[in-house]
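Heads up, the thing below is written out as structure tokens.
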Amino acid sequence: MKSFLQQVVDDILQTYDSLDDLILILPSKRAGTILRTTLANTADKTFFSPKIYSIEGFVEQISNLQTASNMEQLFTLYKAYSSMEYGEKDNFYTFSKWGQTLLQDFNEIDRYLVDTKDIFSYLANIQEINHWALQKDKSEIITNYIKFWNNLEPLYKTFNDLLKAQKLGHQGLIYRTACEQLKDYISNNKNNTHIFIGFNALNTAESYIIQEILAKTKADIFWDGDTYFVEDPIHDAGYFIRQHLNTWPWLKGKALKGVESNYLSQKNIKIIGAPKNVSQAKYVGNLLLQLKKEDTNILKNTAIVLGDETMLNPLLNSVPSELDTVNITMGYPLKSTPLASLFSQYLSIHIKKDSQGWYFQQVLDFLSHPYVQILCTENQQNRATRISEAIRTKNWAFITSDNLRSLGEGNEDLLSLLFFGEEVPGNVFLNKCHQIIQILRERFAMSKDSLGLEYLYKFYSLFNQLQDMVEQYSFVNDLKSLESLYLEIVRNETLDFQGEPLEGLQIMGMLESRVLDFETVILTSVNEGILPSGKSNNSFIPFDLKKYYKLPTYKEKDAVYTYHFYRLLQRAKNIYLLYNTEPDVLEGGEKSRLLTQLLTDENKLADITEIIAAPEITPSIKVLQTIAKDEGLMEMIRAHAEKGFSPTSLSNYIRNPIDFYKRNLLGIDDIMEVEETVANNTFGTIVHDTLEDLYKPYLNTILEESMLHEMKKNIRPLVIGHFAKSFADGDISRGKNLIAYNVVVRYVENFIKLELAEVEKHQIKILGVEEKLRMDINVPGLNFPVVLKGKLDRIDEKDGVIRIIDYKTGNVTSSQVEIVDWEDVITDYNYSKAFQLLCYAIMYNNSKPIGNIEAGIISFKNLGSGLLKFAVKEKKGSRNKDNSITQDTIAQFMESIKSLIFEIGNPEIPFTEKEV
């Protein structure tokens, strides 16, 4: 089956002997490239190529204006806005939020040749009605608001005049100007023949230009449509061509050239549902491999058309490496490049810096950016990593320039480039961006990163353009306005790939597919809200007003998407239509109505199959991890046993052997993080250290009330000192940390009050604080020495009874220190507190054999309960319990702990995960 452009070329070559005087106008530049190649391949003689334009290039020729960049348009509009005389005006940062919408509306009004005086008057009246009130005098805000709408026409005229003075224009202005100058163009080109190829939806200006040229010069037009849609009175794919047929005088009684019957020819159509974008991309990758296996030449006439252009990145990562050539005819969104996020973060950290400095998390995120890592790596030394480690070690929640300089990394120049202390104007900031680009260029040149260099060149050009604008217009010289402008540019700009448009697999967006035909078409993201795009309406002009002035609404937009969708199907043989099965507000809704229409059409194409490409879901069965004890692991266990098991490490094993393996054998612990607020472990350390300092002067002394009153005076200075030691440079002067400081002080004060009450009634003698204990254990069956070690918080003697006391800043209840079955102590983590007390008891007994002692926990969150004593109960629920720890208790527990350590050291018993 011939392609549309091939049919056009055949017709032109048969009709015209010479092509010198032909001017061919197509919807896009890419279509022009394909047309020129098709002409060259088809002709059997040498000839001068005709002039070939895209419609936008052609209209520019007529108007003698060049298209202003989006940035130039925005700046010029603000300049025009600033010159208006009414009320207080928005600064550029605020203006840029709504200025883009106004630009779009001005563009639409001009492209559709709307009477500006009329429509702006209407708009102002609508706003006045909306803000009508019974009060005779309107407020100043409402008065200025209405004044703004009444000044829209002068703003529009001033804006257009400023652009035209520079021989520039937005698209709408260029179209309107072209219509005004069309008469001169036609008189200067009477000897040329114009041929319009492949048009469908036209704005009023395009329609006027084409009709005038058709009526007053030698001209022709080829429509890219199908009789099936054109002859159907309600099918949206033929909506615009039917409209032109009914309204254009030149078309009356003429056959529509290019409209043929191809749609109902034999096709193989597959509709595939896949969950999320990545699954669609992966499916396309596998499909390409499959197609290549079936026919090695099929991909030469295959196109992947992206309904949602943000899918380009996952698709590029899914294209099989076996494919020889791939051509991308669409821009890669600049916002998706690593450089875009680098400069976005660079702007953000300096805008959000306050009087305290930079917030640590933002600095750490910036330092972890891959391009900052490249910037800071020299001679295999990564300064960014060292700075990040220093921030965590010194516990800086807020970071100043002085903090960074104090690190003495020998990288002051780089630090002053990335983290300058003072506020700078926009042009100085842009100079710093250029410096970063220069350093990265040297790094990328050394590593031969060609894609990275391509990114850098694009951003170098972008910042040059920005710098010109900032120097020309003083109102964008603060960082907030610069950020707004930067984000707007990055959102709309693309990095254009240069490839071979005539070879290999083609990847393109929906608009790039106009007038092009492929044997195999793969179309992605055929979902509501994407194809068609839905009722989004970013405009100040209400729907009713748009209808009245024949401006395009979402209805016309739907018809455009429907046409593009069905046009892709017209001449294709193999069609794969993919959609996202997971409706998402941001990424499109349910399956597109276009697919439903395709399936329910009266003349439904014969071979349509529909599948859901989702993996088969089987019920998930959690497999508990098991680690066999090989010689290497046994060596680690032996080394740990010789160094010493602590009660906490053994508790870790009881809770989950895999935790013990990772934390205590491999040494994988929590990553050091900046404590913005005091962490639980730091909180506990401060309480323990404070109590140690308070009680140490009174070792082997019977406590008296005067001693405890003396201790109370020292609590606050000691707590502040230990905060400085354990919380590094953390700030405790305000916020949650100030509360934490006061809580620690209150905990210790309440404990001393409790102690005062005890001293009044009992004789208490302090025997030891933070005592380091250690003992050797002979475990039958193990051929290596085993050590148990730990630090006991407090040993005292109360009325002749020795007590072992452990402090806990968390909440502990009596049930956690009372046991019934000795087996539970080494198997159930709920009894870990009792287990730890017994470990301290056997270690204390090893150093000083006991007769009868007590052990217990003081919980600072449960101080009212006093000492929570270890006890052995007769049975669960029983009130009969024994708080004494005797030699029998020691012997019972020794058997249990030996059994536990033997299990850890037995090479035949693997570490098996417990469900926690």
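Every chain in the structure tokens has a letter given in the order shown (A, B, ...), and although residue numbers restart at 1 in each chain, ligands are simply numbered from 1 in the order shown.
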Practice item. Write out as a list in words each polymer residue whose atoms come within 9 Å of Glu913 in chain A, counting only C-alpha atoms; drop sequence neighbours fewer than 4 positions from it. Key: Leu624, Gln625, Thr626, Ile627, Asn656, Pro657, Ile658 and Asp659 of chain A
Could those residues be written to a file, using N, CA and C atoms, as a PDB file, in the first residue's frame?
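The new file again02.pdb reads:
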ATOM      1  N   LEU A 624      11.275 -17.488  55.124  1.00  0.00           N
ATOM      2  CA  LEU A 624      12.165 -16.971  56.165  1.00  0.00           C
ATOM      3  C   LEU A 624      13.610 -17.228  55.768  1.00  0.00           C
ATOM      4  N   GLN A 625      14.432 -16.207  55.961  1.00  0.00           N
ATOM      5  CA  GLN A 625      15.827 -16.276  55.548  1.00  0.00           C
ATOM      6  C   GLN A 625      16.605 -17.224  56.461  1.00  0.00           C
ATOM      7  N   THR A 626      17.459 -18.010  55.828  1.00  0.00           N
ATOM      8  CA  THR A 626      18.314 -18.931  56.582  1.00  0.00           C
ATOM      9  C   THR A 626      19.752 -18.732  56.133  1.00  0.00           C
ATOM     10  N   ILE A 627      20.675 -18.614  57.099  1.00  0.00           N
ATOM     11  CA  ILE A 627      22.093 -18.427  56.772  1.00  0.00           C
ATOM     12  C   ILE A 627      22.882 -19.567  57.399  1.00  0.00           C
ATOM     13  N   ASN A 656      15.670 -11.939  66.921  1.00  0.00           N
ATOM     14  CA  ASN A 656      15.763 -12.415  65.543  1.00  0.00           C
ATOM     15  C   ASN A 656      17.226 -12.725  65.237  1.00  0.00           C
ATOM     16  N   PRO A 657      17.573 -13.996  65.037  1.00  0.00           N
ATOM     17  CA  PRO A 657      18.976 -14.359  64.768  1.00  0.00           C
ATOM     18  C   PRO A 657      19.598 -13.585  63.601  1.00  0.00           C
ATOM     19  N   ILE A 658      18.773 -13.186  62.609  1.00  0.00           N
ATOM     20  CA  ILE A 658      19.308 -12.442  61.459  1.00  0.00           C
ATOM     21  C   ILE A 658      19.741 -11.041  61.895  1.00  0.00           C
ATOM     22  N   ASP A 659      19.001 -10.440  62.851  1.00  0.00           N
ATOM     23  CA  ASP A 659      19.411  -9.144  63.401  1.00  0.00           C
ATOM     24  C   ASP A 659      20.779  -9.257  64.075  1.00  0.00           C
TER      25      ASP A 659
END
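For Val8 in chain A, the residues within 9 Å (counting only C-alpha atoms, excluding itself and residues fewer than 4 positions away along the chain) are Ser3, Phe4, Ile12, Leu13, Leu35, Ile197, Phe222, Lys257 and Gly258 of chain A.
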Only N, CA and C atoms, please: the residues just picked out, written as a PDB file, in the first residue's frame.
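And here is the file that came out, selection-v7.pdb:
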ATOM      1  N   SER A   3       2.225   4.969   0.601  1.00  0.00           N
ATOM      2  CA  SER A   3       2.055   5.953   1.665  1.00  0.00           C
ATOM      3  C   SER A   3       1.393   7.197   1.099  1.00  0.00           C
ATOM      4  N   PHE A   4       0.874   8.035   1.966  1.00  0.00           N
ATOM      5  CA  PHE A   4       0.216   9.270   1.534  1.00  0.00           C
ATOM      6  C   PHE A   4       1.186  10.160   0.762  1.00  0.00           C
ATOM      7  N   ILE A  12       2.260  14.815  -8.250  1.00  0.00           N
ATOM      8  CA  ILE A  12       3.019  16.020  -8.618  1.00  0.00           C
ATOM      9  C   ILE A  12       3.893  15.760  -9.841  1.00  0.00           C
ATOM     10  N   LEU A  13       4.594  14.615  -9.845  1.00  0.00           N
ATOM     11  CA  LEU A  13       5.495  14.307 -10.962  1.00  0.00           C
ATOM     12  C   LEU A  13       4.738  14.101 -12.271  1.00  0.00           C
ATOM     13  N   LEU A  35       9.221  14.161   2.446  1.00  0.00           N
ATOM     14  CA  LEU A  35       8.709  14.469   1.113  1.00  0.00           C
ATOM     15  C   LEU A  35       9.851  14.697   0.128  1.00  0.00           C
ATOM     16  N   ILE A 197      -0.308  20.262   1.657  1.00  0.00           N
ATOM     17  CA  ILE A 197      -0.299  18.793   1.750  1.00  0.00           C
ATOM     18  C   ILE A 197      -0.562  18.339   3.186  1.00  0.00           C
ATOM     19  N   PHE A 222      -3.937  18.744  -0.991  1.00  0.00           N
ATOM     20  CA  PHE A 222      -4.112  17.303  -0.781  1.00  0.00           C
ATOM     21  C   PHE A 222      -4.486  17.086   0.689  1.00  0.00           C
ATOM     22  N   LYS A 257      -8.690  15.675  -3.061  1.00  0.00           N
ATOM     23  CA  LYS A 257      -7.470  14.949  -3.420  1.00  0.00           C
ATOM     24  C   LYS A 257      -6.842  14.349  -2.157  1.00  0.00           C
ATOM     25  N   GLY A 258      -6.371  13.123  -2.268  1.00  0.00           N
ATOM     26  CA  GLY A 258      -5.694  12.464  -1.149  1.00  0.00           C
ATOM     27  C   GLY A 258      -6.605  11.632  -0.279  1.00  0.00           C
TER      28      GLY A 258
END
Practice item. Please provide as number ranges by chain all residues within 6 Å of range 516-531 of chain A, with the sequence filter that same-chain residues fewer than 4 positions apart are discarded (counting only C-alpha atoms). Key: A: 3, 301-308, 572-579, 588-592
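Among the candidates A:Ala559, A:Ala255, A:Leu24, A:Val743, the residue lying nearest to Gly57 in chain A is A:Leu24 (atoms considered: only C-alpha atoms).
Reported to one decimal place, the separation of CA of Arg638 in chain A from CA of Leu650 in chain A is 14.4 Å.
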Review point. Can you list every residue in range 589-785 of chain A that DSSP puts in alpha helix (DSSP H), as JSON, numbers by chain?
Key: {"A": [593, 594, 595, 596, 597, 598, 599, 600, 631, 632, 633, 634, 635, 636, 637, 638, 639, 640, 641, 642, 643, 647, 648, 649, 650, 651, 652, 653, 654, 655, 657, 658, 659, 680, 681, 682, 683, 684, 685, 686, 687, 688, 689, 690, 691, 692, 693, 694, 695, 705, 706, 707, 708, 709, 710, 711, 712, 713, 714, 715, 716, 717, 718, 719, 720, 721, 722, 723, 724, 725, 726, 735, 736, 737, 738, 739, 740, 741, 742, 743, 744, 745, 746, 747, 748, 749, 750, 751, 752, 753, 754, 755, 756, 757, 758, 759, 760, 761]}
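By only C-alpha atoms, and with residues fewer than 6 positions from Thr33 in chain A along its chain excluded, the set lying at most 12 Å from it is Leu5, Leu24, Ile25, Leu26, Pro27, Leu39, Ala40, Ser49, Lys51, Ile52, Tyr53, Ser54, Thr329, Glu500, Pro501, Leu502, Glu512, Val515 and Leu516 of chain A.
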Please dump the current selection as a compact mmCIF listing (two decimals), in the first residue's frame; keep N, CA, C and O atoms.
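The result, stored in out.txt:
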# COMPACT_ATOMS: atom_id res chain seq x y z
N LEU A 5 2.40 10.35 1.28
CA LEU A 5 3.37 11.22 0.62
C LEU A 5 3.80 10.65 -0.73
O LEU A 5 4.07 11.41 -1.67
N LEU A 24 5.75 23.88 -1.75
CA LEU A 24 5.00 22.82 -1.06
C LEU A 24 4.95 23.15 0.43
O LEU A 24 5.99 23.41 1.06
N ILE A 25 3.75 23.13 0.99
CA ILE A 25 3.57 23.47 2.41
C ILE A 25 2.97 22.27 3.13
O ILE A 25 1.93 21.75 2.72
N LEU A 26 3.65 21.84 4.22
CA LEU A 26 3.22 20.67 4.99
C LEU A 26 3.04 21.04 6.46
O LEU A 26 3.49 22.10 6.90
N PRO A 27 2.43 20.15 7.27
CA PRO A 27 2.20 20.48 8.69
C PRO A 27 3.47 20.60 9.52
O PRO A 27 3.49 21.29 10.54
N LEU A 39 10.56 12.45 -3.18
CA LEU A 39 10.69 13.06 -4.52
C LEU A 39 11.97 12.59 -5.20
O LEU A 39 11.95 12.19 -6.38
N ALA A 40 13.08 12.61 -4.47
CA ALA A 40 14.37 12.23 -5.04
C ALA A 40 14.38 10.76 -5.44
O ALA A 40 14.94 10.39 -6.49
N SER A 49 14.96 21.10 -6.81
CA SER A 49 13.96 20.79 -5.79
C SER A 49 13.01 21.97 -5.60
O SER A 49 13.43 23.13 -5.66
N LYS A 51 10.53 24.50 -3.40
CA LYS A 51 10.63 25.05 -2.04
C LYS A 51 9.65 24.29 -1.15
O LYS A 51 8.48 24.12 -1.52
N ILE A 52 10.15 23.84 -0.02
CA ILE A 52 9.30 23.06 0.90
C ILE A 52 9.32 23.75 2.26
O ILE A 52 10.38 24.01 2.83
N TYR A 53 8.13 24.06 2.78
CA TYR A 53 7.99 24.76 4.07
C TYR A 53 7.07 23.97 4.99
O TYR A 53 6.14 23.30 4.54
N SER A 54 7.31 24.11 6.28
CA SER A 54 6.27 23.76 7.25
C SER A 54 5.30 24.93 7.26
O SER A 54 5.67 26.05 6.85
N THR A 329 12.46 11.31 16.91
CA THR A 329 12.00 12.58 16.32
C THR A 329 11.16 13.32 17.35
O THR A 329 9.97 13.51 17.17
N GLU A 500 18.95 10.00 12.12
CA GLU A 500 18.66 9.76 10.71
C GLU A 500 17.17 9.48 10.58
O GLU A 500 16.72 8.39 10.94
N PRO A 501 16.39 10.45 10.09
CA PRO A 501 14.93 10.28 10.07
C PRO A 501 14.45 9.27 9.03
O PRO A 501 13.27 8.97 8.97
N LEU A 502 15.34 8.76 8.22
CA LEU A 502 14.92 7.87 7.13
C LEU A 502 15.32 6.42 7.37
O LEU A 502 15.07 5.57 6.54
N GLU A 512 4.36 14.68 15.59
CA GLU A 512 5.41 14.39 14.61
C GLU A 512 4.97 13.33 13.60
O GLU A 512 5.59 13.16 12.56
N VAL A 515 1.04 13.10 8.53
CA VAL A 515 1.25 12.75 7.11
C VAL A 515 2.25 11.63 6.89
O VAL A 515 2.58 11.30 5.75
N LEU A 516 2.78 11.02 7.96
CA LEU A 516 3.72 9.91 7.81
C LEU A 516 2.97 8.59 7.98
O LEU A 516 2.06 8.49 8.80
